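Asker: Before I ask anything, let me first share the structure, which is written out below as C-alpha cells.
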Amino acid sequence: MLLILDVLTTAGILFVVSIGLLAVFGVLKIINFAHGAWLTIGAYCAVIAAELGLNPWAALPLAFVIGAALGGLAELFIIRPLYRRPLDAILATWGLGIVIGQLITLGFGRDVQMTPNLFSGTVEILGVDYSAYRLVALGAALVIGVVFAAAMEGTRLGLSARAVIMNETLARGLGIDTVRVRLVTFMAGAGLAALAGVLLTPLTSVDPNMGVGWLIGAFMLVMVADASLVALAVACLVFGAAQVLISTFVSPILGSIAIAVLAALVLRVSPKGFSRA
Amino acid sequence: MAEAARELEAAAGAALALDGVTSGYGAVSIVRDVSLKVAPGEIVALLGKNGMGKTTLLKTIMGLIPSRGGSVAIDGQAVAGMSPARLVALGVGYAPQEQPLFQDLSIRDNLRLALPSDRLLPGALDVVAGHFPFLKDRLAQKAGTLSGGEQKMLILARALMLRPRLLLIDEISEGLQPSVIDRIAAALAAVRGESGASMLIVEQNLDFALRVADRWAVLKLGEIDDEGPADPGARERVLSHLSV
C-alpha cells in the first residue's frame with residue numbers, strides 16, 4: 001500500500017515539475033534549460049513570503065506571477081531574438097539558468113533556506129499512515145493537470161497554442177499571432193515552474209542549485225512525452241514507479257538515476273517516446 | 001525615395017502588384033525577378049511545372065518567406081516584410097497546398113483558427129455554408145477523416161471566412177474528381193460575383209485554370225516565361241511553354 005502511494009505521489013510531483021517545460025517545448029520547440037532556475041525562483045518566493053510573514057499558501061500565486069513576469073522578460077529579450085537559431089536559444093537558456101543561480105546566491109547566500117511547512121503531519125489512508133503533504137502534492141498535480149488541459153482544450157489561446165504545436169507554418173499562414181502565442185506560453189511555462197518550486201519546498205532543501213537535479217528528470221520526461229500532456233502523465237507514472245521501486249528494493253542512488261537511464265532506453269527503442277502509444 | 005514612389009505609383013489600381021520579386025531558401029533563389037499584376041476583381045492563374053517556384057511565390061506574398069528583392073503591394077500599399085497576421089487583417093486569404101489542415105482538429109476548430117475572434121464565427125460559418133453546406137452539418141468531425149475533395153473544400157472555405165479582398169490559392173484542384181472541381185469552380189465564381197475579390201491561383205490543372213481565370217502567367221525556373229488572356233488560343237500557347 002505504502003509503495004502504491006509512493007508511486008502515485010512521486011508521479012504527481014514529477015508531473016508538476018515537468019508540465020511547464022512541456023508547454024514551452026511544445027509551442028517554442030526548444031528545451032528551456034533555465035526551467036530548473038525557475039523552480040528555484042519559485043522556492044525562494046516561498047522563502048520571501050515567509051520573511052514577509054505571509055500565509056505559506058500565498059507563496060503559490062506569488063510565485064506564479066513573479067515566475068511568469070520574469071519568464072516574459074526572458075522570452076522578450078533572450079529567446080525571441082534567437083527564434084531562427086533554436087540551438088543557440090537552448091544554449092542561452094542554459095546560460096540564463098547559471099546566471100539566475102548566481103544572482104540568487106548573491107542575494108540569499110549559498111546556505112540552505114528554511115521554509116514553513118505548507119501542510120504537516122500524517123493521515124491514515126487505506127490502513128497506513130502517510131505524509132499528508134505528499135497527498136496534497138498529488139492533489140495539486142491533478143488540479144494543475146486538469147486546469148492546464150481545460151485551458152488548452154477550451155480557450156481560444158489554447159486552440160492557437162495547439163495549432164502552433166501541430167503546424168506552426170500553417171498557423172502563421174492563417175494569421176495567428178504566433179509571436180504572442182510563444183510569449184504567453186513561455187510565461188505560463190515559467191509561472192508553472194515557479195509554482196512547482198513552491199510545492200517542492202517541503203520535500204527538498206531550498207538552495208540556489210536545487211533546480212538542477214529536477215531539471216534533468218523533467219527534461220527526460222518531456223523528451224519521452226514529446227509535447228503530449230497525456231503521454232507526460234503516463235511517463236511520470238511509469239518512471240516514477242521505476243524510481244520508487246529501484247530506490248526501495250535496490251538502492252536509492254540507482255533510484256535517483258532511474259528516470260534518466262530508462263528514458264534514454266525508451267528513446268533509443270522508440271524515438272517518439274510515449275506520445276504514439 | 002523616388003524609386004519607391006514610382007513603384008507604388010505603378011502598383012496603384014492593382015489588387016496585387018509584384019515588381020521584381022526575388023525569394024528562396026538558404027543560398028538558392030527559387031523565384032527570380034517576378035513582376036505580375038492582379039487587377040481588382042480579376043482571377044489570374046499562375047501555371048508551370050513542379051518545382052518552378054509557384055508555391056514559393058505565394059508564400060513570399062503571404063509573408064511566410066522573406067523576399068530578397070523587389071516589392072509587393074496590395075491595393076497600392078507596400079506589404080513586403082509584413083507578418084502574415086497583418087496581411088490577413090488587410091484582407092488576404094490563403095489556401096495552402098502543403099499540410100494545409102490541422103488533421104486532428106475538428107472542422108469547426110480548423111475554421112475558428114482563421115478568425116481573430118470567436119465572435120465572428122456565426123457570421124463566417126454562414127458565409128462558408130453558402131458555398132459548402134456540408135461543412136456546417138459536420139462541424140465536430142475531424143478534418144483528417146474527410147475525403148480528399150471535402151478537405152479541399154474545407155481549405156477553401158477557411159480562406160473565405162473573413163471575406164478576403166485578395167485570395168491566394170495553391171493547387172486547390174489537385175487530385176480531385178470532376179464533380180468536386182465543378183463545385184470549387186462555382187464557389188470561386190460566386191465569391192468573385194458577391195464580393196469582387198481578386199485571386200491569384202496556382203494550378204497544374206490547365207483546363208480548370210483557364211475555365212476560372214481571366215489571365216494566366218507561366219512560371220519557369222522562377223521567372224515569368226509568358227503571360228496572356230484566358231482566351232480560346234490560351235491553351236495551346238500555355239502548353240507550348242509547359243511541354244519544353
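In the C-alpha cells, chains take letters A, B, ... by order of appearance, with residues numbered from 1 within each chain and ligands from 1 in the order shown.
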Neighbouring residues of region 231-235 of chain A were defined as those with any atom within 7 Å, considering only C-alpha atoms; residues of the same chain fewer than 4 positions away were excluded. Please report them as a PDB file with C-alpha atoms, in the first residue's frame.
Answerer:
```
ATOM      1  CA  PHE A  15       4.227  15.913 -13.320  1.00  0.00           C
ATOM      2  CA  LEU A 221      10.217  13.046 -19.090  1.00  0.00           C
ATOM      3  CA  VAL A 222       9.398  15.741 -21.650  1.00  0.00           C
ATOM      4  CA  VAL A 224       9.642  10.856 -23.739  1.00  0.00           C
ATOM      5  CA  ALA A 225       6.286  12.666 -23.720  1.00  0.00           C
ATOM      6  CA  PHE A 239       9.232   6.362 -14.439  1.00  0.00           C
ATOM      7  CA  PHE A 274       5.203   7.537 -25.326  1.00  0.00           C
ATOM      8  CA  SER A 275       3.310  10.027 -27.463  1.00  0.00           C
TER       9      SER A 275
END
```
Asker: Given only C-alpha atoms, how would the per-residue table for chain B near chain A read, listing every residue at most 8 Å away with its closest atom pair and distance in Å to one decimal, sorted by chain and number, as a tab-separated table?
Answerer:
```
residue	atom	partner	partner_atom	distance
B:Met62	CA	A:Gly173	CA	7.1
B:Leu64	CA	A:Gly173	CA	6.9
B:Pro84	CA	A:Gly175	CA	5.3
B:Ala85	CA	A:Gly175	CA	3.7
B:Arg86	CA	A:Gly175	CA	7.2
B:Leu87	CA	A:Gly175	CA	7.5
B:Val88	CA	A:Gly175	CA	5.5
B:Ala89	CA	A:Gly175	CA	7.8
B:Gly93	CA	A:Leu174	CA	7.8
B:Tyr94	CA	A:Gly173	CA	6.9
B:Pro96	CA	A:Leu170	CA	7.9
B:Gln99	CA	A:Leu170	CA	7.5
B:Pro100	CA	A:Leu170	CA	6.6
B:Leu101	CA	A:Leu170	CA	7.7
B:Phe102	CA	A:Met166	CA	7.1
B:Asp109	CA	A:Leu159	CA	7.7
B:Leu113	CA	A:Leu174	CA	7.0
B:Ala114	CA	A:Leu174	CA	5.3
B:Pro116	CA	A:Ile176	CA	7.5
B:Asp118	CA	A:Arg156	CA	7.7
```
Asker: Restricting it to N, CA and C atoms, dump the selection as a PDB file, in the first residue's frame.
Answerer:
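Once everything was written out, this is out_16.pdb:
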```pdb
ATOM      1  N   MET B  62       2.631  36.000 -49.075  1.00  0.00           N
ATOM      2  CA  MET B  62       1.933  35.831 -47.798  1.00  0.00           C
ATOM      3  C   MET B  62       2.827  36.160 -46.604  1.00  0.00           C
ATOM      4  N   LEU B  64       5.360  34.433 -45.559  1.00  0.00           N
ATOM      5  CA  LEU B  64       5.876  33.241 -44.877  1.00  0.00           C
ATOM      6  C   LEU B  64       7.352  33.014 -45.200  1.00  0.00           C
ATOM      7  N   PRO B  84       2.257  37.565 -41.699  1.00  0.00           N
ATOM      8  CA  PRO B  84       1.012  37.025 -42.250  1.00  0.00           C
ATOM      9  C   PRO B  84      -0.218  37.527 -41.492  1.00  0.00           C
ATOM     10  N   ALA B  85      -0.070  37.718 -40.170  1.00  0.00           N
ATOM     11  CA  ALA B  85      -1.208  38.188 -39.382  1.00  0.00           C
ATOM     12  C   ALA B  85      -1.685  39.556 -39.880  1.00  0.00           C
ATOM     13  N   ARG B  86      -0.738  40.436 -40.205  1.00  0.00           N
ATOM     14  CA  ARG B  86      -1.131  41.767 -40.696  1.00  0.00           C
ATOM     15  C   ARG B  86      -1.744  41.673 -42.090  1.00  0.00           C
ATOM     16  N   LEU B  87      -1.204  40.763 -42.919  1.00  0.00           N
ATOM     17  CA  LEU B  87      -1.762  40.615 -44.266  1.00  0.00           C
ATOM     18  C   LEU B  87      -3.190  40.100 -44.200  1.00  0.00           C
ATOM     19  N   VAL B  88      -3.433  39.150 -43.296  1.00  0.00           N
ATOM     20  CA  VAL B  88      -4.798  38.642 -43.131  1.00  0.00           C
ATOM     21  C   VAL B  88      -5.721  39.790 -42.711  1.00  0.00           C
ATOM     22  N   ALA B  89      -5.219  40.638 -41.801  1.00  0.00           N
ATOM     23  CA  ALA B  89      -6.016  41.779 -41.357  1.00  0.00           C
ATOM     24  C   ALA B  89      -6.279  42.754 -42.504  1.00  0.00           C
ATOM     25  N   GLY B  93      -6.636  36.252 -48.051  1.00  0.00           N
ATOM     26  CA  GLY B  93      -6.974  34.883 -47.651  1.00  0.00           C
ATOM     27  C   GLY B  93      -6.038  33.925 -48.358  1.00  0.00           C
ATOM     28  N   TYR B  94      -5.593  32.874 -47.637  1.00  0.00           N
ATOM     29  CA  TYR B  94      -4.571  31.979 -48.186  1.00  0.00           C
ATOM     30  C   TYR B  94      -5.036  30.541 -48.042  1.00  0.00           C
ATOM     31  N   PRO B  96      -3.321  27.123 -48.565  1.00  0.00           N
ATOM     32  CA  PRO B  96      -2.041  26.495 -48.888  1.00  0.00           C
ATOM     33  C   PRO B  96      -2.213  25.088 -49.444  1.00  0.00           C
ATOM     34  N   GLN B  99       0.513  20.415 -46.304  1.00  0.00           N
ATOM     35  CA  GLN B  99      -0.032  20.242 -44.955  1.00  0.00           C
ATOM     36  C   GLN B  99      -1.042  21.344 -44.639  1.00  0.00           C
ATOM     37  N   PRO B 100      -2.118  21.398 -45.404  1.00  0.00           N
ATOM     38  CA  PRO B 100      -2.997  22.572 -45.339  1.00  0.00           C
ATOM     39  C   PRO B 100      -4.030  22.537 -44.216  1.00  0.00           C
ATOM     40  N   LEU B 101      -4.189  21.398 -43.514  1.00  0.00           N
ATOM     41  CA  LEU B 101      -5.210  21.308 -42.468  1.00  0.00           C
ATOM     42  C   LEU B 101      -4.595  20.786 -41.171  1.00  0.00           C
ATOM     43  N   PHE B 102      -5.244  21.147 -40.054  1.00  0.00           N
ATOM     44  CA  PHE B 102      -4.912  20.508 -38.784  1.00  0.00           C
ATOM     45  C   PHE B 102      -5.748  19.225 -38.730  1.00  0.00           C
ATOM     46  N   ASP B 109     -12.905  23.752 -35.438  1.00  0.00           N
ATOM     47  CA  ASP B 109     -11.666  24.363 -34.941  1.00  0.00           C
ATOM     48  C   ASP B 109     -10.767  24.802 -36.097  1.00  0.00           C
ATOM     49  N   LEU B 113      -9.732  28.835 -36.419  1.00  0.00           N
ATOM     50  CA  LEU B 113      -8.355  29.325 -36.403  1.00  0.00           C
ATOM     51  C   LEU B 113      -8.115  30.403 -37.461  1.00  0.00           C
ATOM     52  N   ALA B 114      -9.028  30.526 -38.416  1.00  0.00           N
ATOM     53  CA  ALA B 114      -8.852  31.571 -39.427  1.00  0.00           C
ATOM     54  C   ALA B 114      -9.410  32.904 -38.953  1.00  0.00           C
ATOM     55  N   PRO B 116      -9.843  36.079 -36.056  1.00  0.00           N
ATOM     56  CA  PRO B 116      -9.159  36.685 -34.911  1.00  0.00           C
ATOM     57  C   PRO B 116      -9.970  36.567 -33.617  1.00  0.00           C
ATOM     58  N   ASP B 118     -13.675  34.546 -31.754  1.00  0.00           N
ATOM     59  CA  ASP B 118     -14.796  33.613 -31.903  1.00  0.00           C
ATOM     60  C   ASP B 118     -16.129  34.328 -32.124  1.00  0.00           C
TER      61      ASP B 118
END
```
Asker: Run DSSP on the backbone and tell me which residues of region 133-163 of chain B come out as helix (DSSP H, G or I); list them as a ChimeraX atom specification.
Answerer: /B:133-137,143-145,148-160
Asker: Give the answer as one residue: which of A:Ile30, A:Ala260, A:Leu73, A:Val198 has the shortest atom-to-atom distance to Pro116 (chain A), using only C-alpha atoms?
Answerer: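 So, comparing all the options, the nearest one is A:Val198.
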Asker: Applying 10 Å and only C-alpha atoms, which residues near Ala218 (chain A) remain after dropping the ones on its own chain fewer than 2 positions away? List them as a PyMOL selection string.
Answerer: chain A and resi 14-22+35-36+212-216+220-224+232+236+259-260
Asker: Would you mind exporting C-alpha atoms of the selected residues as a PDB file, in the first residue's frame?
Answerer:
```pdb
ATOM      1  CA  LEU A  14       7.281  14.766 -11.327  1.00  0.00           C
ATOM      2  CA  PHE A  15       4.227  15.913 -13.320  1.00  0.00           C
ATOM      3  CA  VAL A  16       4.070  19.263 -11.520  1.00  0.00           C
ATOM      4  CA  VAL A  17       7.780  19.815 -12.076  1.00  0.00           C
ATOM      5  CA  SER A  18       7.653  18.884 -15.800  1.00  0.00           C
ATOM      6  CA  ILE A  19       4.438  20.431 -17.101  1.00  0.00           C
ATOM      7  CA  GLY A  20       5.863  23.943 -17.603  1.00  0.00           C
ATOM      8  CA  LEU A  21       8.810  22.525 -19.527  1.00  0.00           C
ATOM      9  CA  LEU A  22       6.393  20.502 -21.687  1.00  0.00           C
ATOM     10  CA  HIS A  35      13.493  25.638 -16.138  1.00  0.00           C
ATOM     11  CA  GLY A  36      15.435  24.474 -13.068  1.00  0.00           C
ATOM     12  CA  VAL A 212      19.362  21.357 -11.405  1.00  0.00           C
ATOM     13  CA  GLY A 213      18.553  17.807 -10.337  1.00  0.00           C
ATOM     14  CA  TRP A 214      14.849  18.270 -11.021  1.00  0.00           C
ATOM     15  CA  LEU A 215      15.607  19.797 -14.417  1.00  0.00           C
ATOM     16  CA  ILE A 216      17.345  16.617 -15.630  1.00  0.00           C
ATOM     17  CA  MET A 220      13.949  13.298 -19.804  1.00  0.00           C
ATOM     18  CA  LEU A 221      10.217  13.046 -19.090  1.00  0.00           C
ATOM     19  CA  VAL A 222       9.398  15.741 -21.650  1.00  0.00           C
ATOM     20  CA  MET A 223      11.619  14.053 -24.240  1.00  0.00           C
ATOM     21  CA  VAL A 224       9.642  10.856 -23.739  1.00  0.00           C
ATOM     22  CA  LEU A 232       3.624  13.129 -19.867  1.00  0.00           C
ATOM     23  CA  CYS A 236       5.538  10.298 -14.841  1.00  0.00           C
ATOM     24  CA  ILE A 259      14.464   8.220 -14.806  1.00  0.00           C
ATOM     25  CA  ALA A 260      17.398   9.398 -16.896  1.00  0.00           C
TER      26      ALA A 260
END
```
Asker: Find the residues near region 170-177 of chain B: any atom within 7 Å, counting only C-alpha atoms, skip ones fewer than 5 places away on the same chain, and give them as a ChimeraX atom specification.
Answerer: /B:55,95-97,149,152,201-205
Asker: Next, write the just-selected residues to a file, as a short mmCIF file (atom, residue, chain, number, x, y, z; two decimals), in the first residue's frame, keeping N, CA and C atoms as the atom set.
Answerer:
```
data_model
loop_
_atom_site.label_atom_id
_atom_site.label_comp_id
_atom_site.auth_asym_id
_atom_site.auth_seq_id
_atom_site.Cartn_x
_atom_site.Cartn_y
_atom_site.Cartn_z
N THR B 55 4.64 27.83 -55.65
CA THR B 55 4.29 27.84 -54.23
C THR B 55 5.17 28.81 -53.45
N ALA B 95 -5.04 29.82 -49.16
CA ALA B 95 -5.36 28.39 -49.13
C ALA B 95 -4.10 27.63 -49.55
N PRO B 96 -3.32 27.12 -48.57
CA PRO B 96 -2.04 26.49 -48.89
C PRO B 96 -2.21 25.09 -49.44
N GLN B 97 -1.13 24.57 -50.01
CA GLN B 97 -1.16 23.22 -50.58
C GLN B 97 -0.50 22.20 -49.68
N GLY B 149 -11.68 15.40 -51.47
CA GLY B 149 -12.42 16.53 -52.01
C GLY B 149 -12.99 17.42 -50.92
N LYS B 152 -10.31 19.60 -49.49
CA LYS B 152 -10.02 20.76 -50.34
C LYS B 152 -11.08 21.85 -50.16
N ILE B 201 -4.33 32.22 -58.45
CA ILE B 201 -4.45 30.77 -58.21
C ILE B 201 -3.31 30.04 -58.89
N VAL B 202 -2.59 29.27 -58.09
CA VAL B 202 -1.53 28.41 -58.61
C VAL B 202 -2.17 27.11 -59.06
N GLU B 203 -1.89 26.68 -60.27
CA GLU B 203 -2.57 25.48 -60.79
C GLU B 203 -1.66 24.62 -61.66
N GLN B 204 -1.93 23.31 -61.64
CA GLN B 204 -1.33 22.39 -62.61
C GLN B 204 -2.41 21.93 -63.59
N ASN B 205 -3.66 22.06 -63.15
CA ASN B 205 -4.79 21.62 -63.97
C ASN B 205 -5.17 22.74 -64.95
#
```
Asker: Nearest to Val181 (chain A): which of A:Val99, A:Ile165, A:Ile257, A:Ile104 is it, counting only C-alpha atoms?
Answerer: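 The answer is A:Ile165, which sits nearest to Val181 (chain A).
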